[in-house]
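J.: Would you mind keeping the following structure in view while I ask a few things?
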Number of protein chains: 2
Amino acid sequence: MNSIKELFVNRYSLSPENFDLFYSNITEVTRSKGEAIISKGEIHHSVYFIKKGAVRSYYINADGKEITYWFGFEGDVIASLGNFVESKPSLETIELLEDVVLLKIDRTKLIELYNTNVELANFGRQLAETGLLEMEQQILLNQVTDAKTRYLSLIEKHPQILQRVKLGQIASYLGITQVTLSRIRAQK
Amino acid sequence: MNSIKELFVNRYSLSPENFDLFYSNITEVTRSKGEAIISKGEIHHSVYFIKKGAVRSYYINADGKEITYWFGFEGDVIASLGNFVESKPSLETIELLEDVVLLKIDRTKLIELYNTNVELANFGRQLAETGLLEMEQQILLNQVTDAKTRYLSLIEKHPQILQRVKLGQIASYLGITQVTLSRIRAQK
DNA sequence: CCCACATTTTAACATATGTAAAAAGAATTC
DNA sequence: GAATTCTTTTTACATATGTTAAAATGTGGG
């Protein structure tokens, strides 16, 4: 069986039976590096879990520059939040940094599961709350620490990120230019 | 009856009956300006909704400076997320900027409600997902726009914030010094 | 109304970051 | 393996922001 089951059953209070119910609604899809899984301006009807691979979420600013604001790796959830929560067109594009394997579930089906199964509803709640905590920590980190510290903590958290992600994308994620990132890296 | 009911029933798919069940576990508390509702290092056992008043959440950085990273107003939820999600001591302090009226619910009781009532579990899920969307938008805003734009959008979103919050706190929220904020205000 | 205290603005200077362009280094293709 | 293209680093300069301190303004108490 797949390790996603262990991950879900252990991390969230989900019984094996309800995991199986959840999993029976999932389809595994593969996509290639460079593709966009969710594009700006579109409405999407699926939520994904990353089984294998890396993705980034970016936004295009007023100057037309791509600003990366999230990296996703194995185990992370991909959803266009504006889409999912408010059924509004996506502001962001989610792009595949590598060939990926995704677990896909239909949004309507997922909500149906949530509405009919207390345990799955609480699984969904915990999924969102965990995300909330991570985002709060990122907001805190962005506000409290300088770019150098954030760069160091990023490579500590994802040691392989330098091999998987381009420095220009990391720089925009850190809120600095690539030139500044180069200076930080030279310092060390 | 109170308008919190309308707010909850309309904003989240919560039936009046289940709202009443939820509300029967709530106690209304008043606290005075300057008090800390949640303090750094402590474990808390309650979640709050702001009925009246303003609060801020701050973190103390390596230099001992208070960094405000969240303002809460009427209708917002107050919870120490690290606390709530992972039962870890709070990193932040939540301080009252005004005299407030809070709706308080015991964490254990809330989780019990979530675990036994599918509708309330989905209410909790939507609460977290809505928070997630707001946080994502804040992360985006912080990364995409400069301090001046964020200042202007902050006072647009909360027109009374200048009367309710000190400029030094707003500056730290924007990630700049108070001197820079003064310069921005002078420009306009 | 005046005084003491808190808050905000202004000034002067040092430092960090952005911009634009060139140079260096890697990776890919033929 | 030479040539092309993409990525990263470096340089030089302009601008924005931080720091520290002083001045100005606002606020509440007696």
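Going by the structure tokens order, chains are called A, B, ..., each with residues numbered from 1, while ligands are numbered from 1 in the order shown.
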Using DSSP assignments from the backbone, pull out every residue in stretch 34-131 of chain A that falls under alpha helix (DSSP H) and give it to me as number ranges by chain.
T.: A: 81-86, 107-116, 118-131
J.: Report chain B as a PDB file with C-alpha atoms, in the first residue's frame in the frame of chain A, after least-squares superposition over all C-alpha atoms paired in order.
T.:
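Contents of selection-v8.pdb, freshly written:
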ATOM      1  CA  MET B   1      -0.127  -0.013   0.140  1.00  0.00           C
ATOM      2  CA  ASN B   2       1.058   3.543  -0.171  1.00  0.00           C
ATOM      3  CA  SER B   3       2.670   5.598   2.556  1.00  0.00           C
ATOM      4  CA  ILE B   4       0.134   8.367   2.076  1.00  0.00           C
ATOM      5  CA  LYS B   5      -2.187   6.229   4.153  1.00  0.00           C
ATOM      6  CA  GLU B   6       0.190   6.080   7.080  1.00  0.00           C
ATOM      7  CA  LEU B   7       0.830   9.792   6.766  1.00  0.00           C
ATOM      8  CA  PHE B   8      -2.847  10.664   6.848  1.00  0.00           C
ATOM      9  CA  VAL B   9      -3.878   8.161   9.484  1.00  0.00           C
ATOM     10  CA  ASN B  10      -1.066   9.177  11.803  1.00  0.00           C
ATOM     11  CA  ARG B  11      -0.999  12.919  11.254  1.00  0.00           C
ATOM     12  CA  TYR B  12      -4.743  13.449  11.345  1.00  0.00           C
ATOM     13  CA  SER B  13      -7.202  11.501  13.459  1.00  0.00           C
ATOM     14  CA  LEU B  14      -8.496   9.469  10.548  1.00  0.00           C
ATOM     15  CA  SER B  15      -9.450   5.812  10.852  1.00  0.00           C
ATOM     16  CA  PRO B  16      -8.132   3.379   8.222  1.00  0.00           C
ATOM     17  CA  GLU B  17     -11.730   2.777   7.080  1.00  0.00           C
ATOM     18  CA  ASN B  18     -12.413   6.424   6.435  1.00  0.00           C
ATOM     19  CA  PHE B  19      -9.054   6.862   4.790  1.00  0.00           C
ATOM     20  CA  ASP B  20     -10.063   4.082   2.398  1.00  0.00           C
ATOM     21  CA  LEU B  21     -13.376   5.825   1.710  1.00  0.00           C
ATOM     22  CA  PHE B  22     -11.493   9.021   1.003  1.00  0.00           C
ATOM     23  CA  TYR B  23      -8.924   7.232  -1.105  1.00  0.00           C
ATOM     24  CA  SER B  24     -11.542   5.468  -3.211  1.00  0.00           C
ATOM     25  CA  ASN B  25     -12.422   8.879  -4.632  1.00  0.00           C
ATOM     26  CA  ILE B  26      -8.870   9.678  -5.605  1.00  0.00           C
ATOM     27  CA  THR B  27      -7.224   9.264  -8.971  1.00  0.00           C
ATOM     28  CA  GLU B  28      -3.506   9.318  -9.458  1.00  0.00           C
ATOM     29  CA  VAL B  29      -2.266  11.596 -12.242  1.00  0.00           C
ATOM     30  CA  THR B  30       1.180  12.342 -13.625  1.00  0.00           C
ATOM     31  CA  ARG B  31       2.163  15.661 -15.147  1.00  0.00           C
ATOM     32  CA  SER B  32       5.348  16.954 -16.725  1.00  0.00           C
ATOM     33  CA  LYS B  33       7.792  19.615 -15.613  1.00  0.00           C
ATOM     34  CA  GLY B  34       6.816  23.081 -16.810  1.00  0.00           C
ATOM     35  CA  GLU B  35       3.074  22.473 -17.007  1.00  0.00           C
ATOM     36  CA  ALA B  36       0.635  24.630 -15.067  1.00  0.00           C
ATOM     37  CA  ILE B  37      -1.721  22.640 -12.890  1.00  0.00           C
ATOM     38  CA  ILE B  38      -3.838  25.649 -11.989  1.00  0.00           C
ATOM     39  CA  SER B  39      -3.764  28.843 -14.042  1.00  0.00           C
ATOM     40  CA  LYS B  40      -4.560  32.427 -13.268  1.00  0.00           C
ATOM     41  CA  GLY B  41      -8.108  33.414 -14.104  1.00  0.00           C
ATOM     42  CA  GLU B  42      -9.499  29.910 -14.207  1.00  0.00           C
ATOM     43  CA  ILE B  43     -11.941  28.097 -11.978  1.00  0.00           C
ATOM     44  CA  HIS B  44     -10.796  24.664 -10.856  1.00  0.00           C
ATOM     45  CA  HIS B  45     -12.708  21.729  -9.625  1.00  0.00           C
ATOM     46  CA  SER B  46     -10.025  19.610  -8.030  1.00  0.00           C
ATOM     47  CA  VAL B  47      -7.772  19.471  -5.033  1.00  0.00           C
ATOM     48  CA  TYR B  48      -4.413  17.691  -5.209  1.00  0.00           C
ATOM     49  CA  PHE B  49      -1.917  16.073  -2.905  1.00  0.00           C
ATOM     50  CA  ILE B  50       1.675  15.899  -4.045  1.00  0.00           C
ATOM     51  CA  LYS B  51       2.885  12.311  -4.042  1.00  0.00           C
ATOM     52  CA  LYS B  52       6.154  12.997  -5.856  1.00  0.00           C
ATOM     53  CA  GLY B  53       7.732  16.174  -7.195  1.00  0.00           C
ATOM     54  CA  ALA B  54       7.972  19.896  -6.550  1.00  0.00           C
ATOM     55  CA  VAL B  55       5.714  22.788  -7.521  1.00  0.00           C
ATOM     56  CA  ARG B  56       5.577  26.513  -7.018  1.00  0.00           C
ATOM     57  CA  SER B  57       2.761  28.982  -6.841  1.00  0.00           C
ATOM     58  CA  TYR B  58       3.306  32.378  -8.343  1.00  0.00           C
ATOM     59  CA  TYR B  59       1.542  35.626  -8.828  1.00  0.00           C
ATOM     60  CA  ILE B  60       2.152  38.272 -11.460  1.00  0.00           C
ATOM     61  CA  ASN B  61       2.670  41.712  -9.981  1.00  0.00           C
ATOM     62  CA  ALA B  62       1.906  45.141 -11.415  1.00  0.00           C
ATOM     63  CA  ASP B  63       5.220  45.206 -13.304  1.00  0.00           C
ATOM     64  CA  GLY B  64       4.504  41.857 -14.914  1.00  0.00           C
ATOM     65  CA  LYS B  65       7.044  40.034 -12.779  1.00  0.00           C
ATOM     66  CA  GLU B  66       6.431  36.555 -11.455  1.00  0.00           C
ATOM     67  CA  ILE B  67       6.455  36.503  -7.667  1.00  0.00           C
ATOM     68  CA  THR B  68       6.793  33.021  -6.207  1.00  0.00           C
ATOM     69  CA  TYR B  69       5.071  32.854  -2.861  1.00  0.00           C
ATOM     70  CA  TRP B  70       4.820  29.136  -2.140  1.00  0.00           C
ATOM     71  CA  PHE B  71       6.784  25.976  -2.816  1.00  0.00           C
ATOM     72  CA  GLY B  72       5.100  22.608  -2.524  1.00  0.00           C
ATOM     73  CA  PHE B  73       6.800  19.263  -2.029  1.00  0.00           C
ATOM     74  CA  GLU B  74       5.839  15.686  -1.258  1.00  0.00           C
ATOM     75  CA  GLY B  75       2.900  15.507   1.155  1.00  0.00           C
ATOM     76  CA  ASP B  76       1.652  19.039   0.556  1.00  0.00           C
ATOM     77  CA  VAL B  77      -1.852  19.950  -0.550  1.00  0.00           C
ATOM     78  CA  ILE B  78      -2.429  21.945  -3.720  1.00  0.00           C
ATOM     79  CA  ALA B  79      -5.606  23.971  -3.975  1.00  0.00           C
ATOM     80  CA  SER B  80      -6.463  27.314  -5.367  1.00  0.00           C
ATOM     81  CA  LEU B  81      -7.762  28.698  -2.138  1.00  0.00           C
ATOM     82  CA  GLY B  82      -9.768  31.573  -3.555  1.00  0.00           C
ATOM     83  CA  ASN B  83     -11.270  28.964  -5.788  1.00  0.00           C
ATOM     84  CA  PHE B  84     -11.920  26.423  -3.147  1.00  0.00           C
ATOM     85  CA  VAL B  85     -13.154  28.667  -0.381  1.00  0.00           C
ATOM     86  CA  GLU B  86     -15.001  31.315  -2.354  1.00  0.00           C
ATOM     87  CA  SER B  87     -15.406  29.804  -5.825  1.00  0.00           C
ATOM     88  CA  LYS B  88     -13.587  32.736  -7.351  1.00  0.00           C
ATOM     89  CA  PRO B  89     -11.162  32.581 -10.289  1.00  0.00           C
ATOM     90  CA  SER B  90      -7.616  31.808  -9.304  1.00  0.00           C
ATOM     91  CA  LEU B  91      -5.211  34.706  -8.889  1.00  0.00           C
ATOM     92  CA  GLU B  92      -2.217  32.457  -8.920  1.00  0.00           C
ATOM     93  CA  THR B  93      -0.629  29.970 -11.244  1.00  0.00           C
ATOM     94  CA  ILE B  94       0.695  26.700  -9.913  1.00  0.00           C
ATOM     95  CA  GLU B  95       3.562  25.463 -12.021  1.00  0.00           C
ATOM     96  CA  LEU B  96       5.369  22.159 -11.922  1.00  0.00           C
ATOM     97  CA  LEU B  97       9.081  22.450 -11.211  1.00  0.00           C
ATOM     98  CA  GLU B  98       9.613  18.756 -11.906  1.00  0.00           C
ATOM     99  CA  ASP B  99       7.663  15.828 -13.281  1.00  0.00           C
ATOM    100  CA  VAL B 100       5.086  15.122 -10.594  1.00  0.00           C
ATOM    101  CA  VAL B 101       2.710  12.449  -9.399  1.00  0.00           C
ATOM    102  CA  LEU B 102      -0.451  13.907  -7.905  1.00  0.00           C
ATOM    103  CA  LEU B 103      -3.429  12.490  -6.064  1.00  0.00           C
ATOM    104  CA  LYS B 104      -6.472  14.233  -7.404  1.00  0.00           C
ATOM    105  CA  ILE B 105      -9.910  14.544  -5.869  1.00  0.00           C
ATOM    106  CA  ASP B 106     -12.933  16.308  -7.211  1.00  0.00           C
ATOM    107  CA  ARG B 107     -13.879  19.350  -5.193  1.00  0.00           C
ATOM    108  CA  THR B 108     -17.609  18.600  -5.227  1.00  0.00           C
ATOM    109  CA  LYS B 109     -16.970  15.015  -4.165  1.00  0.00           C
ATOM    110  CA  LEU B 110     -14.650  16.130  -1.389  1.00  0.00           C
ATOM    111  CA  ILE B 111     -17.234  18.543  -0.030  1.00  0.00           C
ATOM    112  CA  GLU B 112     -19.852  15.806  -0.236  1.00  0.00           C
ATOM    113  CA  LEU B 113     -17.598  13.557   1.840  1.00  0.00           C
ATOM    114  CA  TYR B 114     -17.057  16.361   4.335  1.00  0.00           C
ATOM    115  CA  ASN B 115     -20.789  16.936   4.642  1.00  0.00           C
ATOM    116  CA  THR B 116     -21.693  13.320   5.244  1.00  0.00           C
ATOM    117  CA  ASN B 117     -18.848  12.003   7.360  1.00  0.00           C
ATOM    118  CA  VAL B 118     -17.938  13.609  10.639  1.00  0.00           C
ATOM    119  CA  GLU B 119     -14.476  12.095  10.714  1.00  0.00           C
ATOM    120  CA  LEU B 120     -13.614  13.278   7.249  1.00  0.00           C
ATOM    121  CA  ALA B 121     -15.014  16.715   8.047  1.00  0.00           C
ATOM    122  CA  ASN B 122     -12.617  16.884  10.982  1.00  0.00           C
ATOM    123  CA  PHE B 123      -9.819  15.608   8.802  1.00  0.00           C
ATOM    124  CA  GLY B 124     -10.542  18.519   6.456  1.00  0.00           C
ATOM    125  CA  ARG B 125     -10.703  20.889   9.382  1.00  0.00           C
ATOM    126  CA  GLN B 126      -7.339  19.720  10.671  1.00  0.00           C
ATOM    127  CA  LEU B 127      -5.859  19.978   7.195  1.00  0.00           C
ATOM    128  CA  ALA B 128      -6.949  23.621   7.043  1.00  0.00           C
ATOM    129  CA  GLU B 129      -5.874  24.347  10.605  1.00  0.00           C
ATOM    130  CA  THR B 130      -2.438  22.871  10.013  1.00  0.00           C
ATOM    131  CA  GLY B 131      -2.128  25.021   6.908  1.00  0.00           C
ATOM    132  CA  LEU B 132      -3.241  27.998   8.940  1.00  0.00           C
ATOM    133  CA  LEU B 133      -0.520  27.381  11.490  1.00  0.00           C
ATOM    134  CA  GLU B 134       2.117  27.055   8.785  1.00  0.00           C
ATOM    135  CA  MET B 135       0.979  30.251   7.117  1.00  0.00           C
ATOM    136  CA  GLU B 136       0.934  32.107  10.404  1.00  0.00           C
ATOM    137  CA  GLN B 137       4.483  30.983  11.035  1.00  0.00           C
ATOM    138  CA  GLN B 138       5.497  32.151   7.586  1.00  0.00           C
ATOM    139  CA  ILE B 139       3.910  35.564   8.111  1.00  0.00           C
ATOM    140  CA  LEU B 140       5.729  35.792  11.431  1.00  0.00           C
ATOM    141  CA  LEU B 141       9.009  34.696   9.883  1.00  0.00           C
ATOM    142  CA  ASN B 142       8.666  37.209   7.060  1.00  0.00           C
ATOM    143  CA  GLN B 143       8.035  39.993   9.511  1.00  0.00           C
ATOM    144  CA  VAL B 144      10.505  39.124  12.215  1.00  0.00           C
ATOM    145  CA  THR B 145      13.561  37.932  10.352  1.00  0.00           C
ATOM    146  CA  ASP B 146      15.656  39.358   7.539  1.00  0.00           C
ATOM    147  CA  ALA B 147      16.114  37.825   4.108  1.00  0.00           C
ATOM    148  CA  LYS B 148      19.418  36.175   5.017  1.00  0.00           C
ATOM    149  CA  THR B 149      17.930  34.316   7.972  1.00  0.00           C
ATOM    150  CA  ARG B 150      14.936  33.272   5.912  1.00  0.00           C
ATOM    151  CA  TYR B 151      17.215  32.010   3.159  1.00  0.00           C
ATOM    152  CA  LEU B 152      19.171  29.923   5.621  1.00  0.00           C
ATOM    153  CA  SER B 153      16.041  28.520   7.247  1.00  0.00           C
ATOM    154  CA  LEU B 154      14.594  27.709   3.830  1.00  0.00           C
ATOM    155  CA  ILE B 155      17.572  25.595   2.817  1.00  0.00           C
ATOM    156  CA  GLU B 156      17.603  24.029   6.254  1.00  0.00           C
ATOM    157  CA  LYS B 157      13.951  23.025   5.897  1.00  0.00           C
ATOM    158  CA  HIS B 158      14.357  21.880   2.283  1.00  0.00           C
ATOM    159  CA  PRO B 159      17.994  20.886   1.802  1.00  0.00           C
ATOM    160  CA  GLN B 160      17.404  19.875  -1.799  1.00  0.00           C
ATOM    161  CA  ILE B 161      15.688  23.108  -2.778  1.00  0.00           C
ATOM    162  CA  LEU B 162      18.800  24.581  -4.411  1.00  0.00           C
ATOM    163  CA  GLN B 163      18.931  21.618  -6.761  1.00  0.00           C
ATOM    164  CA  ARG B 164      15.206  21.760  -7.484  1.00  0.00           C
ATOM    165  CA  VAL B 165      14.418  25.475  -7.711  1.00  0.00           C
ATOM    166  CA  LYS B 166      16.070  28.362  -9.568  1.00  0.00           C
ATOM    167  CA  LEU B 167      17.627  31.157  -7.527  1.00  0.00           C
ATOM    168  CA  GLY B 168      15.477  33.825  -9.156  1.00  0.00           C
ATOM    169  CA  GLN B 169      12.382  32.030  -7.896  1.00  0.00           C
ATOM    170  CA  ILE B 170      13.846  31.660  -4.430  1.00  0.00           C
ATOM    171  CA  ALA B 171      14.746  35.359  -4.401  1.00  0.00           C
ATOM    172  CA  SER B 172      11.190  36.405  -5.247  1.00  0.00           C
ATOM    173  CA  TYR B 173       9.928  34.014  -2.564  1.00  0.00           C
ATOM    174  CA  LEU B 174      12.191  35.778  -0.068  1.00  0.00           C
ATOM    175  CA  GLY B 175      10.963  39.163  -1.235  1.00  0.00           C
ATOM    176  CA  ILE B 176      14.329  40.321  -2.549  1.00  0.00           C
ATOM    177  CA  THR B 177      15.991  40.582  -5.955  1.00  0.00           C
ATOM    178  CA  GLN B 178      18.248  37.910  -7.304  1.00  0.00           C
ATOM    179  CA  VAL B 179      21.166  40.348  -7.042  1.00  0.00           C
ATOM    180  CA  THR B 180      20.597  40.699  -3.315  1.00  0.00           C
ATOM    181  CA  LEU B 181      20.319  36.937  -2.944  1.00  0.00           C
ATOM    182  CA  SER B 182      23.663  36.544  -4.705  1.00  0.00           C
ATOM    183  CA  ARG B 183      25.173  39.026  -2.282  1.00  0.00           C
ATOM    184  CA  ILE B 184      23.768  37.069   0.666  1.00  0.00           C
ATOM    185  CA  ARG B 185      25.180  33.833  -0.730  1.00  0.00           C
ATOM    186  CA  ALA B 186      28.571  35.425  -1.305  1.00  0.00           C
ATOM    187  CA  GLN B 187      28.736  36.762   2.269  1.00  0.00           C
ATOM    188  CA  LYS B 188      28.391  33.459   4.006  1.00  0.00           C
TER     189      LYS B 188
END
J.: What residues in chain C have any atom no more than 10 Å from chain A when counting only C-alpha atoms (C1' of nucleotides), and can you write them as a list of chain:residue names?
T.: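 Interface list for chain C against chain A: C:DA16, C:DT17, C:DG18, C:DT19.
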J.: Compare D:DT20, D:DT15, D:DT4, D:DT9 by their minimum atom-to-atom distance to chain A, counting only C-alpha atoms (C1' of nucleotides), and give me the closest one.
T.: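 Checking each of D:DT20, D:DT15, D:DT4, D:DT9 against chain A, counting only C-alpha atoms (C1' of nucleotides), the winner is D:DT9.
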J.: Please, which residues of stretch 39-133 of chain A, numbered as in this document, come out strand (DSSP E) from DSSP, as a ChimeraX atom specification?
T.: /A:46-52,55-60,66-72,77-78,93-96,100-106
J.: Report, in Å with one decimal, the straight-line distance from atom C1' of C:DA11 to atom C1' of D:DT27.
T.: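 If I compute the distance from atom C1' of C:DA11 to atom C1' of D:DT27, I get 25.1 Å.
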J.: One number please: atom C1' of C:DA14 to atom C1' of D:DT11, in Å, one decimal.
T.: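 Straight-line distance from atom C1' of C:DA14 to atom C1' of D:DT11 works out to 21.0 Å.
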J.: Might you pull out every residue within 12 Å of C:DA12, with only C-alpha atoms (C1' of nucleotides) counted and same-chain residues fewer than 3 positions away left off, and present them as a list of chain:residue names?
T.: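 In the requested format, the answer is D:DT19, D:DT20, D:DA21, D:DA22.
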J.: Using only C-alpha atoms (C1' of nucleotides), which chain D residues lie at most 10 Å away from chain B, written as a PDB file with C-alpha atoms (C1' of nucleotides), in the first residue's frame?
T.:
ATOM      1  C1'  DA D  16      15.174  53.823  -0.217  1.00  0.00           C
ATOM      2  C1'  DT D  17      15.287  52.524   4.378  1.00  0.00           C
ATOM      3  C1'  DG D  18      17.362  52.146   8.951  1.00  0.00           C
ATOM      4  C1'  DT D  19      19.496  54.517  13.050  1.00  0.00           C
TER       5       DT D  19
END
J.: To one decimal place, how far is atom C1' of D:DA2 from atom C1' of C:DA21 in Å?
T.: 26.2 Å
